[in-house]
>>> print(open('protein-v1.cif').read())   # mmCIF, C-alpha atoms
data_run
loop_
_atom_site.label_atom_id
_atom_site.label_comp_id
_atom_site.auth_asym_id
_atom_site.auth_seq_id
_atom_site.Cartn_x
_atom_site.Cartn_y
_atom_site.Cartn_z
CA MET A 1 210.35 241.40 45.63
CA MET A 2 208.68 237.96 46.15
CA ASN A 3 204.98 237.80 47.07
CA PHE A 4 204.92 235.25 49.90
CA ASN A 5 201.13 235.61 50.24
CA CYS A 6 200.50 234.16 46.79
CA PRO A 7 201.01 230.44 47.73
CA ILE A 8 198.78 230.93 50.76
CA ILE A 9 196.03 232.45 48.63
CA ILE A 10 196.31 229.62 46.12
CA PHE A 11 196.17 227.00 48.90
CA ILE A 12 193.08 228.61 50.48
CA ALA A 13 191.41 228.72 47.09
CA PHE A 14 192.22 225.04 46.61
CA LEU A 15 190.60 224.15 49.94
CA LEU A 16 187.48 226.12 49.12
CA SER A 17 187.18 224.50 45.71
CA THR A 18 187.65 220.91 46.90
CA PRO A 19 184.23 219.26 47.35
CA THR A 20 185.46 216.49 49.64
CA LEU A 21 186.63 219.00 52.21
CA THR A 22 183.42 221.02 52.55
CA PHE A 23 181.21 220.02 55.46
CA SER A 24 177.99 220.54 53.48
CA GLN A 25 179.01 217.77 51.09
CA SER A 26 180.57 215.47 53.66
CA GLU A 27 179.14 211.98 53.95
CA SER A 28 178.49 212.74 57.60
CA SER A 29 176.75 216.06 57.07
CA GLU A 30 173.28 216.28 58.56
CA SER A 31 171.60 216.75 55.18
CA ASN A 32 173.20 213.60 53.76
CA ILE A 33 172.37 211.57 56.87
CA ILE A 34 168.72 212.59 56.65
CA SER A 35 168.69 212.05 52.89
CA ARG A 36 169.89 208.46 53.25
CA PHE A 37 167.20 207.84 55.86
CA GLN A 38 164.57 209.24 53.51
CA GLN A 39 165.81 207.08 50.64
CA PHE A 40 165.41 203.95 52.76
CA LEU A 41 161.94 205.02 53.91
CA GLN A 42 160.85 205.60 50.32
CA ILE A 43 161.41 201.96 49.40
CA LYS A 44 158.00 200.28 49.52
CA THR A 45 158.61 197.23 51.67
CA ASN A 46 155.01 197.15 52.87
CA HIS A 47 153.03 193.95 52.91
CA PRO A 48 151.59 192.08 51.11
CA THR A 49 154.21 192.69 48.38
CA PRO A 50 157.34 194.20 49.96
CA ASN A 51 160.02 195.25 47.49
CA TYR A 52 162.81 193.33 49.18
CA LYS A 53 165.10 193.49 46.17
CA GLN A 54 165.24 197.27 46.10
CA SER A 55 165.77 197.31 49.84
CA SER A 56 168.58 194.75 49.63
CA ASP A 57 170.28 196.63 46.80
CA PHE A 58 170.17 199.85 48.82
CA LEU A 59 171.64 198.21 51.93
CA THR A 60 174.36 196.51 49.91
CA SER A 61 175.32 199.85 48.37
CA GLN A 62 175.56 201.34 51.87
CA ALA A 63 177.76 198.45 52.96
CA ASN A 64 180.05 199.00 49.99
CA SER A 65 180.40 202.70 50.84
CA LEU A 66 181.48 201.69 54.36
CA SER A 67 183.80 198.86 53.25
CA LEU A 68 181.71 196.33 55.16
CA HIS A 69 181.54 192.73 54.04
CA SER A 70 178.01 191.95 52.86
CA GLN A 71 176.08 188.86 51.92
CA THR A 72 172.48 188.34 50.92
CA ILE A 73 170.95 185.15 52.27
CA GLU A 74 167.69 183.67 50.97
CA LEU A 75 166.57 180.96 53.36
CA VAL A 76 163.23 181.27 51.57
CA PRO A 77 163.26 182.28 47.88
CA GLY A 78 162.36 185.93 47.37
CA LYS A 79 162.87 186.83 51.02
CA PRO A 80 166.44 188.06 51.38
CA LEU A 81 168.24 188.71 54.64
CA VAL A 82 171.13 191.15 54.26
CA LEU A 83 174.02 190.48 56.63
CA LEU A 84 176.84 192.98 57.01
CA LYS A 85 180.07 192.40 58.89
CA TRP A 86 182.65 194.70 60.47
CA ALA A 87 185.45 192.34 61.46
CA GLY A 88 186.94 192.69 64.90
CA THR A 89 190.59 192.37 65.89
CA SER A 90 189.73 189.41 68.15
CA PRO A 91 187.33 187.34 66.04
CA GLU A 92 187.48 184.49 68.55
CA LEU A 93 185.38 186.57 70.96
CA PRO A 94 181.58 186.28 70.72
CA ALA A 95 180.27 188.80 68.20
CA ILE A 96 177.67 191.55 68.55
CA MET A 97 174.56 191.41 66.37
CA PHE A 98 172.57 194.56 65.68
CA TYR A 99 169.35 193.21 64.25
CA SER A 100 166.53 194.91 62.34
CA HIS A 101 163.77 194.09 59.86
CA THR A 102 163.15 195.76 56.52
CA ASP A 103 159.42 195.09 56.07
CA VAL A 104 156.67 197.44 57.24
CA VAL A 105 152.93 197.15 57.71
CA PRO A 106 150.52 198.54 55.09
CA ALA A 107 149.40 202.16 55.26
CA GLU A 108 146.02 203.68 54.39
CA GLN A 109 147.31 206.54 52.27
CA ASP A 110 144.09 208.57 52.41
CA LYS A 111 144.34 208.69 56.22
CA TRP A 112 147.81 210.30 56.19
CA ASP A 113 148.61 214.01 56.05
CA HIS A 114 151.57 213.19 53.81
CA PRO A 115 152.05 210.16 51.52
CA PRO A 116 153.41 207.31 53.69
CA PHE A 117 156.25 206.46 51.32
CA GLU A 118 157.31 209.98 50.43
CA ALA A 119 159.34 210.47 53.64
CA HIS A 120 158.15 214.07 53.82
CA LEU A 121 160.21 216.36 56.06
CA ASP A 122 157.95 219.13 57.35
CA SER A 123 158.92 222.60 58.54
CA GLU A 124 159.01 221.38 62.16
CA GLY A 125 161.58 218.68 61.37
CA ARG A 126 159.22 215.69 61.46
CA ILE A 127 159.83 212.93 58.91
CA TYR A 128 156.53 211.27 57.99
CA ALA A 129 156.79 207.74 56.64
CA ARG A 130 155.73 204.19 57.27
CA GLY A 131 158.72 202.63 59.00
CA SER A 132 160.05 205.89 60.44
CA GLN A 133 159.61 204.40 63.94
CA ASP A 134 159.14 200.70 63.09
CA MET A 135 161.96 200.12 62.38
CA LYS A 136 163.85 201.48 59.41
CA CYS A 137 165.13 204.23 61.67
CA VAL A 138 167.06 201.76 63.83
CA GLY A 139 168.58 199.92 60.87
CA MET A 140 169.84 203.16 59.36
CA GLN A 141 171.08 204.42 62.73
CA TYR A 142 173.26 201.32 62.96
CA LEU A 143 174.80 202.17 59.59
CA GLU A 144 175.28 205.86 60.36
CA ALA A 145 176.90 205.05 63.72
CA VAL A 146 179.31 202.68 61.97
CA ARG A 147 180.06 205.40 59.42
CA LYS A 148 180.98 207.85 62.19
CA LEU A 149 183.10 205.34 64.07
CA LYS A 150 185.00 204.42 60.94
CA GLU A 151 185.67 208.09 60.22
CA TRP A 152 187.13 208.42 63.70
CA GLY A 153 189.37 205.41 63.14
CA PHE A 154 187.68 203.20 65.72
CA GLN A 155 188.53 199.51 65.41
CA PRO A 156 186.24 197.00 67.13
CA LYS A 157 187.71 194.22 69.20
CA ARG A 158 184.64 192.02 68.69
CA SER A 159 183.17 191.48 65.25
CA ILE A 160 179.97 193.39 64.58
CA TYR A 161 177.09 192.09 62.46
CA LEU A 162 174.26 194.20 61.11
CA ALA A 163 171.30 192.03 60.09
CA PHE A 164 168.37 193.26 58.00
CA ALA A 165 165.71 190.55 57.90
CA PRO A 166 162.37 190.12 56.10
CA ASP A 167 158.85 189.30 57.27
CA GLU A 168 158.92 190.41 60.92
CA GLU A 169 155.54 192.08 60.53
CA ILE A 170 153.92 188.78 59.55
CA GLY A 171 155.50 186.65 62.24
CA GLY A 172 159.14 186.35 61.15
CA HIS A 173 158.79 182.67 60.29
CA ASP A 174 160.59 183.03 56.95
CA GLY A 175 163.03 185.54 58.40
CA ALA A 176 164.32 185.51 61.96
CA GLU A 177 162.97 182.08 62.87
CA LYS A 178 164.72 180.30 60.01
CA PHE A 179 167.81 182.48 60.37
CA SER A 180 168.16 181.78 64.12
CA LEU A 181 168.04 178.03 63.43
CA SER A 182 170.37 178.12 60.44
CA GLY A 183 173.98 177.08 60.23
CA VAL A 184 174.75 180.58 58.98
CA PHE A 185 173.72 182.10 62.31
CA GLN A 186 175.42 179.39 64.37
CA ASP A 187 178.71 180.07 62.60
CA LEU A 188 178.62 183.75 63.55
CA ASN A 189 179.42 183.05 67.21
CA VAL A 190 177.00 185.72 68.44
CA GLY A 191 177.14 186.70 72.10
CA ILE A 192 174.39 189.34 72.29
CA VAL A 193 171.54 190.50 70.02
CA LEU A 194 170.09 194.01 69.98
CA ASP A 195 166.68 194.41 68.33
CA GLU A 196 163.92 197.02 68.25
CA GLY A 197 162.14 198.60 71.18
CA LEU A 198 159.45 201.28 71.49
CA PRO A 199 159.41 205.09 71.59
CA SER A 200 159.20 206.87 74.92
CA GLN A 201 156.96 209.87 75.45
CA ASP A 202 159.33 211.30 78.05
CA ASP A 203 163.10 211.76 78.07
CA HIS A 204 163.91 208.21 79.21
CA TYR A 205 164.76 205.60 76.60
CA ARG A 206 162.99 202.26 76.97
CA ALA A 207 164.77 198.89 77.03
CA PHE A 208 163.14 195.46 76.96
CA TYR A 209 164.45 192.18 78.36
CA ALA A 210 161.55 189.91 77.33
CA GLU A 211 158.30 190.08 75.40
CA ARG A 212 154.83 188.73 75.29
CA SER A 213 154.04 185.85 72.96
CA PRO A 214 151.17 185.95 70.47
CA TRP A 215 148.25 183.55 70.80
CA TRP A 216 145.92 184.22 67.87
CA LEU A 217 142.70 182.52 68.89
CA VAL A 218 139.60 181.77 66.79
CA ILE A 219 136.44 180.69 68.62
CA LYS A 220 133.62 179.06 66.66
CA ALA A 221 130.04 178.52 67.83
CA VAL A 222 127.38 176.41 66.08
CA GLY A 223 123.66 176.19 66.70
CA ILE A 224 120.23 175.65 65.21
CA PRO A 225 119.42 177.92 62.26
CA GLY A 226 115.97 179.36 62.17
CA HIS A 227 113.64 182.28 61.87
CA GLY A 228 114.92 185.58 63.19
CA ALA A 229 111.83 185.98 65.35
CA LYS A 230 112.38 182.84 67.43
CA LEU A 231 114.19 182.73 70.77
CA TYR A 232 116.36 179.63 70.59
CA ASP A 233 118.48 178.53 73.51
CA ASN A 234 122.18 178.12 72.66
CA SER A 235 122.01 179.57 69.18
CA ALA A 236 125.36 180.17 67.52
CA MET A 237 125.21 183.92 67.96
CA GLU A 238 123.95 183.71 71.56
CA ASN A 239 126.76 181.36 72.58
CA LEU A 240 129.40 183.46 70.86
CA LEU A 241 128.13 186.61 72.58
CA LYS A 242 128.26 184.84 75.95
CA SER A 243 131.86 183.91 75.21
CA ILE A 244 132.72 187.46 74.21
CA GLU A 245 131.19 188.80 77.43
CA THR A 246 133.22 186.34 79.54
CA ILE A 247 136.37 187.37 77.70
CA ARG A 248 135.47 191.05 78.15
CA ARG A 249 135.33 190.62 81.93
CA TYR A 250 138.72 188.90 81.95
CA ARG A 251 140.14 191.69 79.79
CA ALA A 252 138.77 194.29 82.22
CA SER A 253 140.48 192.54 85.15
CA GLN A 254 143.83 192.73 83.36
CA SER A 255 143.24 196.35 82.40
CA ASP A 256 142.47 197.23 86.04
CA LEU A 257 145.91 195.94 87.06
CA ILE A 258 147.50 198.45 84.69
CA LYS A 259 145.24 201.35 85.71
CA SER A 260 145.96 200.73 89.38
CA GLY A 261 149.70 200.82 88.74
CA LEU A 262 150.22 197.25 89.94
CA LYS A 263 151.35 196.00 86.52
CA ALA A 264 152.78 197.38 83.28
CA LEU A 265 151.22 196.49 79.94
CA GLY A 266 153.90 193.91 79.18
CA GLU A 267 153.24 192.11 82.46
CA VAL A 268 149.56 191.24 81.93
CA VAL A 269 147.67 189.03 79.48
CA SER A 270 145.99 191.26 76.93
CA ILE A 271 143.15 190.08 74.72
CA ASN A 272 141.37 192.03 72.01
CA PRO A 273 138.73 190.98 69.47
CA VAL A 274 139.98 191.46 65.91
CA PHE A 275 137.15 190.04 63.81
CA LEU A 276 133.54 188.80 63.92
CA LYS A 277 132.18 186.50 61.25
CA ALA A 278 128.53 185.48 61.07
CA GLY A 279 125.33 185.92 59.10
CA THR A 280 123.95 184.77 55.77
CA PRO A 281 125.04 187.10 52.92
CA SER A 282 122.50 188.63 50.57
CA PRO A 283 122.85 190.97 47.55
CA THR A 284 122.10 193.93 49.81
CA GLY A 285 124.14 192.81 52.82
CA PHE A 286 122.84 190.03 55.10
CA VAL A 287 119.58 188.14 55.45
CA MET A 288 117.89 189.87 58.36
CA ASN A 289 115.26 187.27 59.28
CA LEU A 290 117.52 184.23 59.50
CA GLN A 291 119.59 183.21 62.52
CA PRO A 292 122.94 181.80 61.32
CA SER A 293 124.04 178.28 62.20
CA GLU A 294 127.69 179.32 62.67
CA ALA A 295 129.49 182.31 64.16
CA GLU A 296 133.20 183.02 64.69
CA ALA A 297 135.32 185.58 66.46
CA GLY A 298 139.08 186.13 66.40
CA PHE A 299 141.18 187.40 69.28
CA ASP A 300 144.73 188.68 69.54
CA ILE A 301 146.08 187.46 72.89
CA ARG A 302 149.52 188.47 74.17
CA VAL A 303 150.99 186.32 76.94
CA PRO A 304 153.96 187.42 79.10
CA PRO A 305 156.68 184.81 79.70
CA THR A 306 155.86 184.76 83.42
CA ALA A 307 152.17 183.87 82.90
CA ASP A 308 150.62 180.55 83.97
CA THR A 309 149.91 179.26 80.47
CA GLU A 310 148.31 176.02 81.65
CA SER A 311 145.72 178.01 83.61
CA LEU A 312 145.05 180.21 80.59
CA GLU A 313 144.57 177.19 78.34
CA ARG A 314 142.07 175.70 80.79
CA ARG A 315 140.19 178.99 80.92
CA ILE A 316 139.86 179.00 77.13
CA ALA A 317 138.63 175.41 76.99
CA GLU A 318 136.31 175.53 80.00
CA GLU A 319 135.00 179.11 80.05
CA TRP A 320 135.53 180.82 76.71
CA ALA A 321 134.77 177.98 74.29
CA PRO A 322 133.25 175.02 76.19
CA THR A 323 132.20 172.04 74.11
CA TRP A 324 128.98 171.65 76.08
CA ARG A 325 127.90 174.95 74.55
CA ASN A 326 128.58 173.70 71.02
CA MET A 327 131.79 175.69 70.78
CA SER A 328 135.32 174.95 69.60
CA PHE A 329 138.55 176.88 69.22
CA THR A 330 141.72 176.85 67.17
CA PHE A 331 144.93 178.87 67.17
CA LYS A 332 146.20 180.65 64.08
CA GLN A 333 149.42 181.12 66.00
CA LYS A 334 150.49 180.07 69.45
CA MET A 335 153.96 180.72 70.79
CA TYR A 336 155.45 180.18 74.22
CA GLY A 337 158.04 182.51 75.71
CA ARG A 338 160.16 179.61 76.87
CA ASP A 339 163.69 178.49 76.15
CA ALA A 340 164.78 174.92 75.42
CA SER A 341 164.76 174.04 79.13
CA GLY A 342 161.20 175.26 79.56
CA LYS A 343 162.16 178.34 81.57
CA PRO A 344 160.80 181.80 80.70
CA ALA A 345 162.83 183.25 77.84
CA VAL A 346 164.06 186.42 79.51
CA THR A 347 167.33 188.31 79.34
CA LYS A 348 168.76 189.03 82.77
CA THR A 349 169.09 192.64 83.85
CA ASP A 350 171.18 192.13 86.98
CA SER A 351 174.93 192.02 87.49
CA SER A 352 175.11 188.53 85.96
CA ASN A 353 174.52 190.08 82.53
CA PRO A 354 177.31 192.53 81.63
CA TRP A 355 175.55 193.51 78.39
CA TRP A 356 172.76 195.23 80.28
CA ALA A 357 175.14 197.31 82.38
CA LEU A 358 177.13 198.20 79.26
CA LEU A 359 173.95 199.42 77.59
CA GLU A 360 173.01 201.58 80.57
CA ASN A 361 176.47 203.13 80.77
CA ALA A 362 176.72 203.70 77.01
CA VAL A 363 173.38 205.50 76.90
CA GLN A 364 174.41 207.71 79.83
CA GLU A 365 177.77 208.52 78.26
CA ALA A 366 175.92 209.70 75.14
CA GLY A 367 173.77 212.03 77.23
CA GLY A 368 170.69 209.82 77.48
CA LYS A 369 168.75 208.19 80.30
CA LEU A 370 167.47 204.63 80.43
CA GLY A 371 164.18 203.79 82.13
CA ARG A 372 163.50 200.66 84.17
CA PRO A 373 163.66 197.31 82.33
CA GLU A 374 160.40 196.30 80.66
CA ILE A 375 158.66 193.36 79.02
CA PHE A 376 157.83 194.26 75.43
CA PRO A 377 154.02 194.34 75.17
CA ALA A 378 153.89 192.91 71.65
CA SER A 379 156.23 190.59 69.75
CA THR A 380 159.52 191.12 67.96
CA ASP A 381 162.02 188.88 66.23
CA ALA A 382 164.16 188.97 69.38
CA ARG A 383 162.03 186.13 70.77
CA TYR A 384 163.58 183.63 68.37
CA PHE A 385 167.04 184.36 69.74
CA ARG A 386 165.94 184.42 73.39
CA ASN A 387 164.19 181.09 72.94
CA LEU A 388 167.56 179.63 71.93
CA GLY A 389 169.20 181.00 75.06
CA PHE A 390 170.87 184.10 73.60
CA PRO A 391 170.64 187.37 75.54
CA ALA A 392 168.58 189.81 73.48
CA ILE A 393 167.66 193.39 74.31
CA GLY A 394 164.98 195.44 72.60
CA PHE A 395 165.99 199.07 72.25
CA SER A 396 165.00 201.95 69.95
CA PRO A 397 166.66 205.28 70.83
CA ILE A 398 163.48 207.35 70.44
CA ALA A 399 162.50 209.69 73.29
CA ASN A 400 159.97 212.50 73.65
CA THR A 401 157.93 211.00 70.83
CA PRO A 402 154.42 209.54 70.66
CA ASP A 403 154.25 205.82 69.94
CA LEU A 404 152.96 205.67 66.35
CA LEU A 405 153.92 202.12 65.39
CA HIS A 406 151.35 200.85 62.84
CA ASP A 407 149.41 204.11 63.19
CA HIS A 408 148.45 206.78 60.66
CA ASN A 409 150.96 209.64 60.26
CA GLU A 410 153.87 207.69 61.72
CA TYR A 411 156.77 210.10 62.05
CA LEU A 412 160.14 210.65 63.68
CA HIS A 413 161.70 214.04 64.31
CA LYS A 414 165.05 214.45 62.60
CA ASP A 415 166.67 215.62 65.84
CA GLU A 416 165.61 212.43 67.62
CA TYR A 417 166.95 210.41 64.70
CA LEU A 418 170.32 212.18 64.87
CA LYS A 419 170.49 211.76 68.66
CA GLY A 420 169.83 208.06 68.21
CA ILE A 421 172.87 207.76 65.98
CA LYS A 422 175.06 209.17 68.75
CA ILE A 423 173.51 206.72 71.19
CA TYR A 424 174.42 203.80 68.92
CA GLU A 425 177.94 205.16 68.43
CA SER A 426 178.35 204.89 72.19
CA ILE A 427 176.74 201.43 72.39
CA ILE A 428 178.79 199.98 69.54
CA LYS A 429 182.02 201.30 71.07
CA ALA A 430 181.15 199.85 74.48
CA TYR A 431 179.99 196.47 73.22
CA ALA A 432 182.72 196.00 70.64
CA SER A 433 185.44 196.92 73.15
CA TYR A 434 184.28 194.56 75.89
CA ASP A 435 186.81 191.77 76.36
CA GLU A 436 186.38 188.19 77.52
CA HIS A 437 187.56 189.03 81.04
CA GLY A 438 184.81 191.54 81.70
CA LYS A 439 186.84 194.62 80.94
CA ASP A 440 185.99 197.59 78.76
CA GLU A 441 189.13 198.06 76.69
CA ARG A 442 188.32 201.46 75.29
CA SER A 443 190.96 204.09 75.82
CA LYS A 444 190.34 207.09 78.06
CA ASP A 445 190.04 209.26 74.96
CA GLU A 446 187.26 207.06 73.57
CA LEU A 447 185.39 207.23 76.88
#
>>> encode(input="protein-v1.cif", output="structure tokens")
Amino acid sequence: MMNFNCPIIIFIAFLLSTPTLTFSQSESSESNIISRFQQFLQIKTNHPTPNYKQSSDFLTSQANSLSLHSQTIELVPGKPLVLLKWAGTSPELPAIMFYSHTDVVPAEQDKWDHPPFEAHLDSEGRIYARGSQDMKCVGMQYLEAVRKLKEWGFQPKRSIYLAFAPDEEIGGHDGAEKFSLSGVFQDLNVGIVLDEGLPSQDDHYRAFYAERSPWWLVIKAVGIPGHGAKLYDNSAMENLLKSIETIRRYRASQSDLIKSGLKALGEVVSINPVFLKAGTPSPTGFVMNLQPSEAEAGFDIRVPPTADTESLERRIAEEWAPTWRNMSFTFKQKMYGRDASGKPAVTKTDSSNPWWALLENAVQEAGGKLGRPEIFPASTDARYFRNLGFPAIGFSPIANTPDLLHDHNEYLHKDEYLKGIKIYESIIKAYASYDEHGKDERSKDEL
């Protein structure tokens, strides 16, 4: 008598012994997703000597595993920008660019509970690493979302570009600025740029339609040098301290607007002292009985695109560093949030901008909530694209998390990271399916 159960037993055994069919070893398993994130975090792309080559090699290998076209562009030698492409079925339509940067700020290792480039996953699920929030998480979430969509057989109508640029943390001049002005970018036919945002401490994701521009100001005062016991009028230190006090009062007025609820941080002019330089050095420190003839202070000023910049410039020249008080000022960096026509470089959030509504809907469909539109309080590479007239939205799908950008013990919980991937799956589907007539061409099953 034939044993009909034998083939079934053999087939079941075959399934159990086939590695590619077990979920634990699947490319989309949670452990592999987290492992890839940790690998990227462990690459030391911190300034002043970011390892861009190792980062580029890693990203290229990820592109190859996803069958994405990749190219490495060096607009400045030694500073590669990795550009990945997922071709759409209608390449004539404006493309979608998901933008990120690969560099991170330095970390004081002795101030961290876990080494900043170990990507330690603790028992609570927190991944500690420099770049875990800013912004290696976002770059990897792009890739993981693409991986999922490809597994599901999704085919984008619009072409999708994933850009991984250098040098954002030091101004982006050799990265996004040169890239945005290059023929390479112009040939991509980009219609919308998504860049980084900020974490939210509640359950609403934050989205940014503009940002403040950096004015890095240095004020210098000069005066008569002399004995430390004399009371000179208009000494260098006295004049600089008067300037600092005037600036402090202005800073307090801006801070009061935030505390009263009248303005958000991104809507006011912020100014913070970042260095003081004065005194005559000695082998044991500074000469204590000598008044210096020069004194300097540096300030990080952030200016919203809606600010009256002419008024601010007059204030600096007439109140903060007046020449009649033997003072002068220079800018280490001074950018204006204006487009080519001189208008504030902002991305519209009303019905005239379909990309904003698509973002809101996509986040909701993935189970998230979007807060009210904001002005980014600092600066990102998105400004270079907005200044050229491109719509650009800052967005990092991180909720219920303290904002630890540039802080000690920067971390991201693995569950928030995994949720963010699902958010980007929804966004990519919505954006890549949007046709030129204002229709979302996804099928009912995809929605």
>>> atom_distance(input="protein-v1.cif", atom1="CA of Thr306 in chain A", atom2="CA of Thr401 in chain A")
29.2 Å
>>> closest_atom_pairs(input="protein-v1.cif", of="range 397-419 of chain A", to="range 108-129 of chain A", cutoff="8 Å", atoms="all atoms listed in the file", output="Markdown table")
| residue | atom | partner | partner_atom | distance |
| --- | --- | --- | --- | --- |
| A:His408 | CA | A:Trp112 | CA | 5.7 |
| A:Asn409 | CA | A:Trp112 | CA | 5.2 |
| A:Glu410 | CA | A:Tyr128 | CA | 5.8 |
| A:Tyr411 | CA | A:Tyr128 | CA | 4.2 |
| A:Leu412 | CA | A:Ile127 | CA | 5.3 |
| A:His413 | CA | A:Arg126 | CA | 4.1 |
| A:Lys414 | CA | A:Gly125 | CA | 5.6 |
| A:Asp415 | CA | A:Gly125 | CA | 7.4 |
>>> write_last_selection(input="protein-v1.cif", atoms="C-alpha atoms", output="short mmCIF file (atom, residue, chain, number, x, y, z; two decimals), in the frame of the given file")
data_model
loop_
_atom_site.label_atom_id
_atom_site.label_comp_id
_atom_site.auth_asym_id
_atom_site.auth_seq_id
_atom_site.Cartn_x
_atom_site.Cartn_y
_atom_site.Cartn_z
CA HIS A 408 148.45 206.78 60.66
CA ASN A 409 150.96 209.64 60.26
CA GLU A 410 153.87 207.69 61.72
CA TYR A 411 156.77 210.10 62.05
CA LEU A 412 160.14 210.65 63.68
CA HIS A 413 161.70 214.04 64.31
CA LYS A 414 165.05 214.45 62.60
CA ASP A 415 166.67 215.62 65.84
#
>>> resolve_selection(input="protein-v1.cif", expression="the PyMOL selection byres ((chain A and resi 393) around 6)", output="count of residues only")
5
>>> resolve_selection(input="protein-v1.cif", expression="the PyMOL selection byres ((chain A and resi 77) around 12)", output="PDB file with C-alpha atoms, keeping the file's coordinate frame")
ATOM      1  CA  TYR A  52     162.810 193.330  49.180  1.00  0.00           C
ATOM      2  CA  LYS A  53     165.100 193.490  46.170  1.00  0.00           C
ATOM      3  CA  THR A  72     172.480 188.340  50.920  1.00  0.00           C
ATOM      4  CA  ILE A  73     170.950 185.150  52.270  1.00  0.00           C
ATOM      5  CA  GLU A  74     167.690 183.670  50.970  1.00  0.00           C
ATOM      6  CA  LEU A  75     166.570 180.960  53.360  1.00  0.00           C
ATOM      7  CA  VAL A  76     163.230 181.270  51.570  1.00  0.00           C
ATOM      8  CA  GLY A  78     162.360 185.930  47.370  1.00  0.00           C
ATOM      9  CA  LYS A  79     162.870 186.830  51.020  1.00  0.00           C
ATOM     10  CA  PRO A  80     166.440 188.060  51.380  1.00  0.00           C
ATOM     11  CA  LEU A  81     168.240 188.710  54.640  1.00  0.00           C
ATOM     12  CA  PRO A 166     162.370 190.120  56.100  1.00  0.00           C
ATOM     13  CA  ASP A 174     160.590 183.030  56.950  1.00  0.00           C
ATOM     14  CA  GLY A 175     163.030 185.540  58.400  1.00  0.00           C
TER      15      GLY A 175
END
>>> resolve_selection(input="protein-v1.cif", expression="the PyMOL selection byres ((chain A and resi 62) around 12)", output="PyMOL selection string")
chain A and resi 27+33+36-37+39-40+55-61+63-70+82-84+139-140+142-144+146-147+162
>>> closest_residue(input="protein-v1.cif", among="A:Ala95, A:Ala307, A:Val218, A:Leu405", to="Val193 in chain A", atoms="only C-alpha atoms")
A:Ala95
>>> closest_residue(input="protein-v1.cif", among="A:Ala163, A:Ile258, A:Leu217, A:Leu240", to="Glu313 in chain A", atoms="all atoms listed in the file")
A:Leu217
>>> residues_near_point(input="protein-v1.cif", point="(154.7, 197.1, 58.7)", cutoff="6 Å", atoms="all atoms listed in the file", output="PyMOL selection string")
chain A and resi 46+103-106+169
>>> residues_around(input="protein-v1.cif", residues="Thr330 in chain A", least_positions_apart="2", cutoff="12 Å", atoms="all atoms listed in the file", output="NGL selection string")
:A and (215-221 or 296-299 or 313 or 316-317 or 321 or 327-328 or 332-334)
>>> atom_distance(input="protein-v1.cif", atom1="CA of Ser29 in chain A", atom2="CA of Gly153 in chain A")
17.6 Å
>>> residues_near_point(input="protein-v1.cif", point="(169.5, 181.1, 62.5)", cutoff="12 Å", atoms="only C-alpha atoms", output="ChimeraX atom specification")
/A:73-75,81,83,163,165,172-190,381-382,384-388,390
>>> atom_distance(input="protein-v1.cif", atom1="CA of Val138 in chain A", atom2="CA of Arg158 in chain A")
20.7 Å
>>> residues_around(input="protein-v1.cif", residues="Tyr205 in chain A", least_positions_apart="6", cutoff="7 Å", atoms="only C-alpha atoms", output="list in words")
Lys369, Leu370, Gly371, Pro397, Ile398 and Ala399 of chain A
>>> closest_residue(input="protein-v1.cif", among="A:Val268, A:Ala107, A:Val287, A:Ile375", to="Asp308 in chain A", atoms="all atoms listed in the file")
A:Val268
>>> closest_residue(input="protein-v1.cif", among="A:Val269, A:Ala378, A:Leu93, A:Val222", to="Ser311 in chain A", atoms="only C-alpha atoms")
A:Val269
>>> closest_residue(input="protein-v1.cif", among="A:His406, A:Lys150, A:Arg372, A:Lys157", to="Tyr431 in chain A", atoms="all atoms listed in the file")
A:Lys157
>>> closest_residue(input="protein-v1.cif", among="A:Trp152, A:Trp86, A:Trp320, A:Tyr424", to="Arg248 in chain A", atoms="all atoms listed in the file")
A:Trp320
>>> residues_around(input="protein-v1.cif", residues="Pro214 in chain A", least_positions_apart="6", cutoff="9 Å", atoms="all atoms listed in the file", output="JSON, numbers by chain")
{"A": [300, 301, 302, 303, 333, 334, 335, 336, 378, 379]}
>>> closest_atom_pairs(input="protein-v1.cif", of="range 38-141 of chain A", to="range 427-430 of chain A", cutoff="12 Å", atoms="all atoms listed in the file", output="Markdown table")
| residue | atom | partner | partner_atom | distance |
| --- | --- | --- | --- | --- |
| A:Trp86 | CA | A:Ile428 | CA | 11.2 |
| A:Gly88 | CA | A:Lys429 | CA | 11.7 |
| A:Ala95 | CA | A:Ile428 | CA | 11.4 |
| A:Ile96 | CA | A:Ile428 | CA | 8.6 |
| A:Met97 | CA | A:Ile428 | CA | 10.1 |
| A:Phe98 | CA | A:Ile428 | CA | 9.1 |
| A:Gln141 | CA | A:Ile428 | CA | 11.2 |
>>> write_last_selection(input="protein-v1.cif", atoms="C-alpha atoms", output="PDB file, in the coordinates of the input")
ATOM      1  CA  TRP A  86     182.650 194.700  60.470  1.00  0.00           C
ATOM      2  CA  GLY A  88     186.940 192.690  64.900  1.00  0.00           C
ATOM      3  CA  ALA A  95     180.270 188.800  68.200  1.00  0.00           C
ATOM      4  CA  ILE A  96     177.670 191.550  68.550  1.00  0.00           C
ATOM      5  CA  MET A  97     174.560 191.410  66.370  1.00  0.00           C
ATOM      6  CA  PHE A  98     172.570 194.560  65.680  1.00  0.00           C
ATOM      7  CA  GLN A 141     171.080 204.420  62.730  1.00  0.00           C
TER       8      GLN A 141
END
>>> axis_aligned_box(input="protein-v1.cif", around="range 66-85 of chain A", padding_each_side="5 Å", output="AutoDock Vina command-line options")
--center_x 173.1 --center_y 191.3 --center_z 53.1 --size_x 31.4 --size_y 30.7 --size_z 21.5
